[in-house]
Amino acid sequence: MRTHLSYALAAIAVSVLGMTSARVAGQTSGTKTPADVAAELRQPVKWYVQPKMPWGEPDISGVWTSDAALGIPRERDAKYNGRPFLTDAEYNEAHKADEQRRVAGENAIGAFRNDGAWKTKSYRQTSLVIEPEDGRTPAFTEKALERTATRDRGSFGEGPFDSTLDFTLYDRCITRGIVGSIMPVVYGNGNRIIQAPGQVIISYEMVHDTRVIYTDGRPHISSKIRQYLGDARGHWEGNTLVIETTNFTDKTSIGGGNGNGLRHSSDMKITERITRTDKDELRYEVHVDDPRTYVKPFTISLPLTSPPGYVLLPYECHEGNYMMQDSLSGERAEDKAIADDLKRGIVRRRKSIQQNLDAGARPVPGRTNPNDTEE
């Protein structure tokens, strides 16, 4: 269970759902390659004119949220038979679900709340993964699987937790990595983009990572220098900002939400594309190439929107917070309890850490707390 400081969603009005993406509306037939799908999703809405910065570059600045992508599964369900877009009937059902999510978010009570109220548009994507053609993240290589460790799930796993190194960098309030910082999770999905001549700066709401992306043509730094967020260099292709990032460490992951999951290799290269498609919408695309970790490259594409009144909020988190201290001390207490029981002739299994509770400490429906059952 996480103990990062949460916050209440500001009670403001948001626009009602129902704005269909003109780029994909009604275009559900025929065979589309991943390149076709990517190009289609990057198309601006009809009549939209791209604004420019005073020095002539496209204006993609603002505060944006990936809450727009809530409800779009990362991996494509087999029921879509490889189709990248929903049919009209499927879209109508998705729209209803999005409306329910928005209404529930606006009326939620409590400090720990999902950010569904910011879901103000519906989309026809059947998955966030658009390449390969099946819309699913490629398998790990055999060598990559050898790197599997407790830290891959961190506080969302069952341990054992013997030191801080058994937790994710997200648990430790260090970073969620690039992909983990942009993917939609239960809260904190804000992104701020600031532009200056020769630079684009991206800040993420959760953990407050900030990237400075140079667009002035300077080369990458030495390959001997490795960074959690790599070394980014950008250039413009028409109205699309293309960001090529190298020089990663092997300490972050792009697997699950918040950067959890099997870690990638230090050889990973990612290429991001950011295109403004409407006055209140960006299209964000990231292509991952890491042959030491995945059997083939893959691409994720998701919308970012800027609903009225949306702002980035403080995220108070540091590595020495109570979660880390309490998790490790709890594990040491269980070590002692098992040893004391053994002295009395009692042999028992280690108590479950998760206890089949979700991140909000609520029982997971249909599951029994293993600590409540007899061996």
# chains A, B, ... in the order shown; residues from 1 in each chain; ligands from 1
>>> residues_around(residues="Arg276 (chain A)", least_positions_apart="6", cutoff="12 Å", atoms="only C-alpha atoms", output="number ranges by chain")
A: 41-45, 48-52, 58-62, 64, 193, 238-241, 282-285, 303-306
>>> select_by_dssp(residues="region 243-364 of chain A", states="strand (DSSP E)", output="PyMOL selection string")
chain A and resi 243-246+269-278+281-289+298-305
>>> write_last_selection(atoms="N, CA, C and O atoms", output="CSV table (one decimal), in the first residue's frame")
chain,number,residue,atom,x,y,z
A,243,ILE,N,11.9,14.0,-30.6
A,243,ILE,CA,12.9,14.0,-29.5
A,243,ILE,C,13.6,12.6,-29.5
A,243,ILE,O,12.9,11.6,-29.4
A,244,GLU,N,14.9,12.6,-29.7
A,244,GLU,CA,15.7,11.4,-29.7
A,244,GLU,C,16.5,11.3,-28.4
A,244,GLU,O,17.3,12.3,-28.1
A,245,THR,N,16.3,10.3,-27.6
A,245,THR,CA,17.0,10.2,-26.3
A,245,THR,C,17.8,8.9,-26.1
A,245,THR,O,17.3,7.8,-26.4
A,246,THR,N,19.0,9.1,-25.7
A,246,THR,CA,20.0,8.0,-25.5
A,246,THR,C,20.6,8.2,-24.1
A,246,THR,O,20.1,9.0,-23.3
A,269,LYS,N,17.0,3.2,-26.7
A,269,LYS,CA,16.9,4.5,-27.4
A,269,LYS,C,15.4,4.7,-27.5
A,269,LYS,O,14.6,3.8,-27.9
A,270,ILE,N,14.9,5.9,-27.3
A,270,ILE,CA,13.5,6.2,-27.5
A,270,ILE,C,13.4,7.4,-28.4
A,270,ILE,O,14.2,8.3,-28.3
A,271,THR,N,12.4,7.4,-29.2
A,271,THR,CA,12.1,8.6,-30.1
A,271,THR,C,10.6,9.0,-29.8
A,271,THR,O,9.7,8.2,-29.9
A,272,GLU,N,10.5,10.2,-29.3
A,272,GLU,CA,9.2,10.8,-29.0
A,272,GLU,C,8.7,11.8,-30.1
A,272,GLU,O,9.6,12.4,-30.7
A,273,ARG,N,7.4,11.8,-30.3
A,273,ARG,CA,6.9,12.8,-31.3
A,273,ARG,C,5.7,13.5,-30.6
A,273,ARG,O,4.8,12.8,-30.1
A,274,ILE,N,5.8,14.8,-30.6
A,274,ILE,CA,4.7,15.6,-29.9
A,274,ILE,C,4.1,16.5,-31.0
A,274,ILE,O,4.9,17.4,-31.6
A,275,THR,N,2.8,16.4,-31.2
A,275,THR,CA,2.2,17.2,-32.2
A,275,THR,C,0.9,17.9,-31.6
A,275,THR,O,0.1,17.2,-31.0
A,276,ARG,N,0.8,19.2,-31.9
A,276,ARG,CA,-0.5,19.8,-31.4
A,276,ARG,C,-1.5,19.6,-32.5
A,276,ARG,O,-1.4,19.9,-33.6
A,277,THR,N,-2.7,19.0,-32.0
A,277,THR,CA,-3.7,18.6,-33.0
A,277,THR,C,-5.0,19.5,-32.8
A,277,THR,O,-5.9,19.4,-33.6
A,278,ASP,N,-5.0,20.2,-31.8
A,278,ASP,CA,-6.2,21.1,-31.5
A,278,ASP,C,-5.7,22.1,-30.5
A,278,ASP,O,-4.7,22.0,-29.9
A,281,GLU,N,-5.4,20.1,-27.3
A,281,GLU,CA,-4.9,18.7,-27.4
A,281,GLU,C,-3.6,18.6,-28.1
A,281,GLU,O,-3.3,19.2,-29.0
A,282,LEU,N,-2.8,17.7,-27.5
A,282,LEU,CA,-1.5,17.2,-28.1
A,282,LEU,C,-1.6,15.7,-28.4
A,282,LEU,O,-2.4,15.0,-27.7
A,283,ARG,N,-0.9,15.3,-29.4
A,283,ARG,CA,-0.7,13.8,-29.6
A,283,ARG,C,0.7,13.5,-29.2
A,283,ARG,O,1.7,14.0,-29.8
A,284,TYR,N,0.9,12.6,-28.3
A,284,TYR,CA,2.2,12.2,-27.8
A,284,TYR,C,2.5,10.7,-28.2
A,284,TYR,O,1.6,9.8,-28.0
A,285,GLU,N,3.6,10.5,-28.8
A,285,GLU,CA,4.0,9.2,-29.3
A,285,GLU,C,5.4,8.9,-28.9
A,285,GLU,O,6.3,9.7,-28.9
A,286,VAL,N,5.6,7.6,-28.4
A,286,VAL,CA,7.0,7.2,-28.0
A,286,VAL,C,7.3,5.9,-28.6
A,286,VAL,O,6.5,4.9,-28.5
A,287,HIS,N,8.4,5.8,-29.3
A,287,HIS,CA,8.9,4.6,-30.0
A,287,HIS,C,10.1,4.1,-29.2
A,287,HIS,O,11.1,4.8,-28.9
A,288,VAL,N,10.0,2.8,-28.7
A,288,VAL,CA,11.0,2.2,-27.9
A,288,VAL,C,11.8,1.2,-28.6
A,288,VAL,O,11.3,0.3,-29.2
A,289,ASP,N,13.1,1.4,-28.6
A,289,ASP,CA,14.0,0.4,-29.3
A,289,ASP,C,15.1,-0.1,-28.3
A,289,ASP,O,16.0,0.7,-27.9
A,298,PHE,N,8.6,-1.2,-30.2
A,298,PHE,CA,7.2,-0.9,-30.2
A,298,PHE,C,6.9,0.6,-30.0
A,298,PHE,O,7.8,1.4,-29.6
A,299,THR,N,5.7,1.0,-30.3
A,299,THR,CA,5.3,2.4,-30.2
A,299,THR,C,4.0,2.5,-29.4
A,299,THR,O,3.1,1.8,-29.6
A,300,ILE,N,4.0,3.5,-28.6
A,300,ILE,CA,2.8,3.9,-27.8
A,300,ILE,C,2.3,5.3,-28.2
A,300,ILE,O,3.2,6.2,-28.4
A,301,SER,N,1.0,5.5,-28.4
A,301,SER,CA,0.5,6.8,-28.8
A,301,SER,C,-0.7,7.1,-27.9
A,301,SER,O,-1.6,6.3,-27.7
A,302,LEU,N,-0.7,8.3,-27.3
A,302,LEU,CA,-1.8,8.7,-26.4
A,302,LEU,C,-2.1,10.2,-26.5
A,302,LEU,O,-1.2,11.0,-26.9
A,303,PRO,N,-3.3,10.6,-26.3
A,303,PRO,CA,-3.7,12.0,-26.3
A,303,PRO,C,-3.3,12.7,-25.0
A,303,PRO,O,-3.4,12.1,-23.9
A,304,LEU,N,-3.0,14.0,-25.0
A,304,LEU,CA,-2.9,14.8,-23.9
A,304,LEU,C,-3.8,16.0,-24.1
A,304,LEU,O,-3.8,16.6,-25.2
A,305,THR,N,-4.6,16.3,-23.1
A,305,THR,CA,-5.5,17.4,-23.2
A,305,THR,C,-5.3,18.5,-22.2
A,305,THR,O,-4.5,18.3,-21.2
>>> select_by_dssp(residues="region 81-126 of chain A", states="alpha helix (DSSP H)", output="PyMOL selection string")
chain A and resi 88-107
>>> residues_around(residues="Asp267 (chain A)", least_positions_apart="2", cutoff="8 Å", atoms="only C-alpha atoms", output="VMD selection string")
chain A and resid 246 to 248 265 269 290 292
>>> write_last_selection(atoms="N, CA, C and O atoms", output="PDB file, in the first residue's frame")
ATOM      1  N   THR A 246      19.033   9.132 -25.712  1.00  0.00           N
ATOM      2  CA  THR A 246      19.979   8.035 -25.483  1.00  0.00           C
ATOM      3  C   THR A 246      20.610   8.224 -24.104  1.00  0.00           C
ATOM      4  O   THR A 246      20.136   9.002 -23.289  1.00  0.00           O
ATOM      5  N   ASN A 247      21.704   7.498 -23.834  1.00  0.00           N
ATOM      6  CA  ASN A 247      22.494   7.673 -22.610  1.00  0.00           C
ATOM      7  C   ASN A 247      21.717   7.338 -21.338  1.00  0.00           C
ATOM      8  O   ASN A 247      21.879   7.978 -20.294  1.00  0.00           O
ATOM      9  N   PHE A 248      20.851   6.316 -21.408  1.00  0.00           N
ATOM     10  CA  PHE A 248      20.107   5.907 -20.229  1.00  0.00           C
ATOM     11  C   PHE A 248      20.977   5.068 -19.290  1.00  0.00           C
ATOM     12  O   PHE A 248      21.971   4.471 -19.695  1.00  0.00           O
ATOM     13  N   SER A 265      17.466  -1.945 -20.638  1.00  0.00           N
ATOM     14  CA  SER A 265      18.927  -1.935 -20.641  1.00  0.00           C
ATOM     15  C   SER A 265      19.437  -0.508 -20.858  1.00  0.00           C
ATOM     16  O   SER A 265      18.692   0.399 -21.229  1.00  0.00           O
ATOM     17  N   LYS A 269      17.036   3.189 -26.700  1.00  0.00           N
ATOM     18  CA  LYS A 269      16.864   4.471 -27.374  1.00  0.00           C
ATOM     19  C   LYS A 269      15.370   4.691 -27.543  1.00  0.00           C
ATOM     20  O   LYS A 269      14.639   3.770 -27.899  1.00  0.00           O
ATOM     21  N   ASP A 290      14.934  -1.295 -27.804  1.00  0.00           N
ATOM     22  CA  ASP A 290      15.859  -1.859 -26.832  1.00  0.00           C
ATOM     23  C   ASP A 290      15.967  -3.362 -27.072  1.00  0.00           C
ATOM     24  O   ASP A 290      15.325  -4.168 -26.400  1.00  0.00           O
ATOM     25  N   ARG A 292      18.041  -5.525 -26.279  1.00  0.00           N
ATOM     26  CA  ARG A 292      18.503  -6.347 -25.156  1.00  0.00           C
ATOM     27  C   ARG A 292      17.365  -6.653 -24.179  1.00  0.00           C
ATOM     28  O   ARG A 292      17.530  -7.497 -23.295  1.00  0.00           O
TER      29      ARG A 292
END
>>> residues_around(residues="Tyr315 (chain A)", least_positions_apart="4", cutoff="7 Å", atoms="only C-alpha atoms", output="JSON, numbers by chain")
{"A": [205, 206, 207]}
>>> closest_residue(among="A:Thr148, A:Arg350, A:Trp47, A:Gly116", to="Ala97 (chain A)", atoms="only C-alpha atoms")
A:Gly116
>>> atom_distance(atom1="CA of Asp36 (chain A)", atom2="CA of Glu75 (chain A)")
18.4 Å
>>> atom_distance(atom1="CA of Cys173 (chain A)", atom2="CA of Glu316 (chain A)")
9.2 Å
>>> decode(residues="region 241-256 of chain A", atoms="N, CA, C and O atoms", output="PDB file, in the first residue's frame")
ATOM      1  N   LEU A 241       7.376  17.971 -32.923  1.00  0.00           N
ATOM      2  CA  LEU A 241       8.653  17.949 -32.228  1.00  0.00           C
ATOM      3  C   LEU A 241       9.108  16.502 -32.118  1.00  0.00           C
ATOM      4  O   LEU A 241       8.397  15.653 -31.580  1.00  0.00           O
ATOM      5  N   VAL A 242      10.286  16.192 -32.635  1.00  0.00           N
ATOM      6  CA  VAL A 242      10.860  14.850 -32.583  1.00  0.00           C
ATOM      7  C   VAL A 242      12.002  14.875 -31.579  1.00  0.00           C
ATOM      8  O   VAL A 242      12.932  15.671 -31.707  1.00  0.00           O
ATOM      9  N   ILE A 243      11.928  14.003 -30.568  1.00  0.00           N
ATOM     10  CA  ILE A 243      12.925  13.962 -29.504  1.00  0.00           C
ATOM     11  C   ILE A 243      13.605  12.601 -29.511  1.00  0.00           C
ATOM     12  O   ILE A 243      12.946  11.570 -29.376  1.00  0.00           O
ATOM     13  N   GLU A 244      14.916  12.606 -29.683  1.00  0.00           N
ATOM     14  CA  GLU A 244      15.689  11.371 -29.664  1.00  0.00           C
ATOM     15  C   GLU A 244      16.508  11.343 -28.377  1.00  0.00           C
ATOM     16  O   GLU A 244      17.298  12.252 -28.116  1.00  0.00           O
ATOM     17  N   THR A 245      16.316  10.284 -27.581  1.00  0.00           N
ATOM     18  CA  THR A 245      16.952  10.211 -26.263  1.00  0.00           C
ATOM     19  C   THR A 245      17.789   8.948 -26.140  1.00  0.00           C
ATOM     20  O   THR A 245      17.326   7.845 -26.438  1.00  0.00           O
ATOM     21  N   THR A 246      19.033   9.132 -25.712  1.00  0.00           N
ATOM     22  CA  THR A 246      19.979   8.035 -25.483  1.00  0.00           C
ATOM     23  C   THR A 246      20.610   8.224 -24.104  1.00  0.00           C
ATOM     24  O   THR A 246      20.136   9.002 -23.289  1.00  0.00           O
ATOM     25  N   ASN A 247      21.704   7.498 -23.834  1.00  0.00           N
ATOM     26  CA  ASN A 247      22.494   7.673 -22.610  1.00  0.00           C
ATOM     27  C   ASN A 247      21.717   7.338 -21.338  1.00  0.00           C
ATOM     28  O   ASN A 247      21.879   7.978 -20.294  1.00  0.00           O
ATOM     29  N   PHE A 248      20.851   6.316 -21.408  1.00  0.00           N
ATOM     30  CA  PHE A 248      20.107   5.907 -20.229  1.00  0.00           C
ATOM     31  C   PHE A 248      20.977   5.068 -19.290  1.00  0.00           C
ATOM     32  O   PHE A 248      21.971   4.471 -19.695  1.00  0.00           O
ATOM     33  N   THR A 249      20.545   4.987 -18.037  1.00  0.00           N
ATOM     34  CA  THR A 249      21.059   3.975 -17.132  1.00  0.00           C
ATOM     35  C   THR A 249      20.236   2.707 -17.360  1.00  0.00           C
ATOM     36  O   THR A 249      19.348   2.681 -18.214  1.00  0.00           O
ATOM     37  N   ASP A 250      20.487   1.679 -16.565  1.00  0.00           N
ATOM     38  CA  ASP A 250      19.637   0.485 -16.592  1.00  0.00           C
ATOM     39  C   ASP A 250      18.845   0.383 -15.287  1.00  0.00           C
ATOM     40  O   ASP A 250      18.510  -0.696 -14.822  1.00  0.00           O
ATOM     41  N   LYS A 251      18.517   1.552 -14.705  1.00  0.00           N
ATOM     42  CA  LYS A 251      17.863   1.584 -13.398  1.00  0.00           C
ATOM     43  C   LYS A 251      16.378   1.914 -13.457  1.00  0.00           C
ATOM     44  O   LYS A 251      15.705   1.931 -12.425  1.00  0.00           O
ATOM     45  N   THR A 252      15.843   2.199 -14.639  1.00  0.00           N
ATOM     46  CA  THR A 252      14.427   2.544 -14.751  1.00  0.00           C
ATOM     47  C   THR A 252      13.708   1.531 -15.632  1.00  0.00           C
ATOM     48  O   THR A 252      14.320   0.680 -16.265  1.00  0.00           O
ATOM     49  N   SER A 253      12.395   1.643 -15.666  1.00  0.00           N
ATOM     50  CA  SER A 253      11.574   0.685 -16.404  1.00  0.00           C
ATOM     51  C   SER A 253      10.537   1.430 -17.223  1.00  0.00           C
ATOM     52  O   SER A 253      10.158   2.564 -16.909  1.00  0.00           O
ATOM     53  N   ILE A 254      10.058   0.786 -18.278  1.00  0.00           N
ATOM     54  CA  ILE A 254       8.959   1.342 -19.061  1.00  0.00           C
ATOM     55  C   ILE A 254       7.805   0.348 -19.108  1.00  0.00           C
ATOM     56  O   ILE A 254       6.905   0.458 -19.936  1.00  0.00           O
ATOM     57  N   GLY A 255       7.826  -0.609 -18.179  1.00  0.00           N
ATOM     58  CA  GLY A 255       6.836  -1.686 -18.223  1.00  0.00           C
ATOM     59  C   GLY A 255       5.451  -1.275 -17.779  1.00  0.00           C
ATOM     60  O   GLY A 255       4.513  -1.190 -18.568  1.00  0.00           O
ATOM     61  N   GLY A 256       5.271  -1.009 -16.491  1.00  0.00           N
ATOM     62  CA  GLY A 256       3.951  -0.710 -15.968  1.00  0.00           C
ATOM     63  C   GLY A 256       3.767   0.761 -15.676  1.00  0.00           C
ATOM     64  O   GLY A 256       4.619   1.592 -15.967  1.00  0.00           O
TER      65      GLY A 256
END
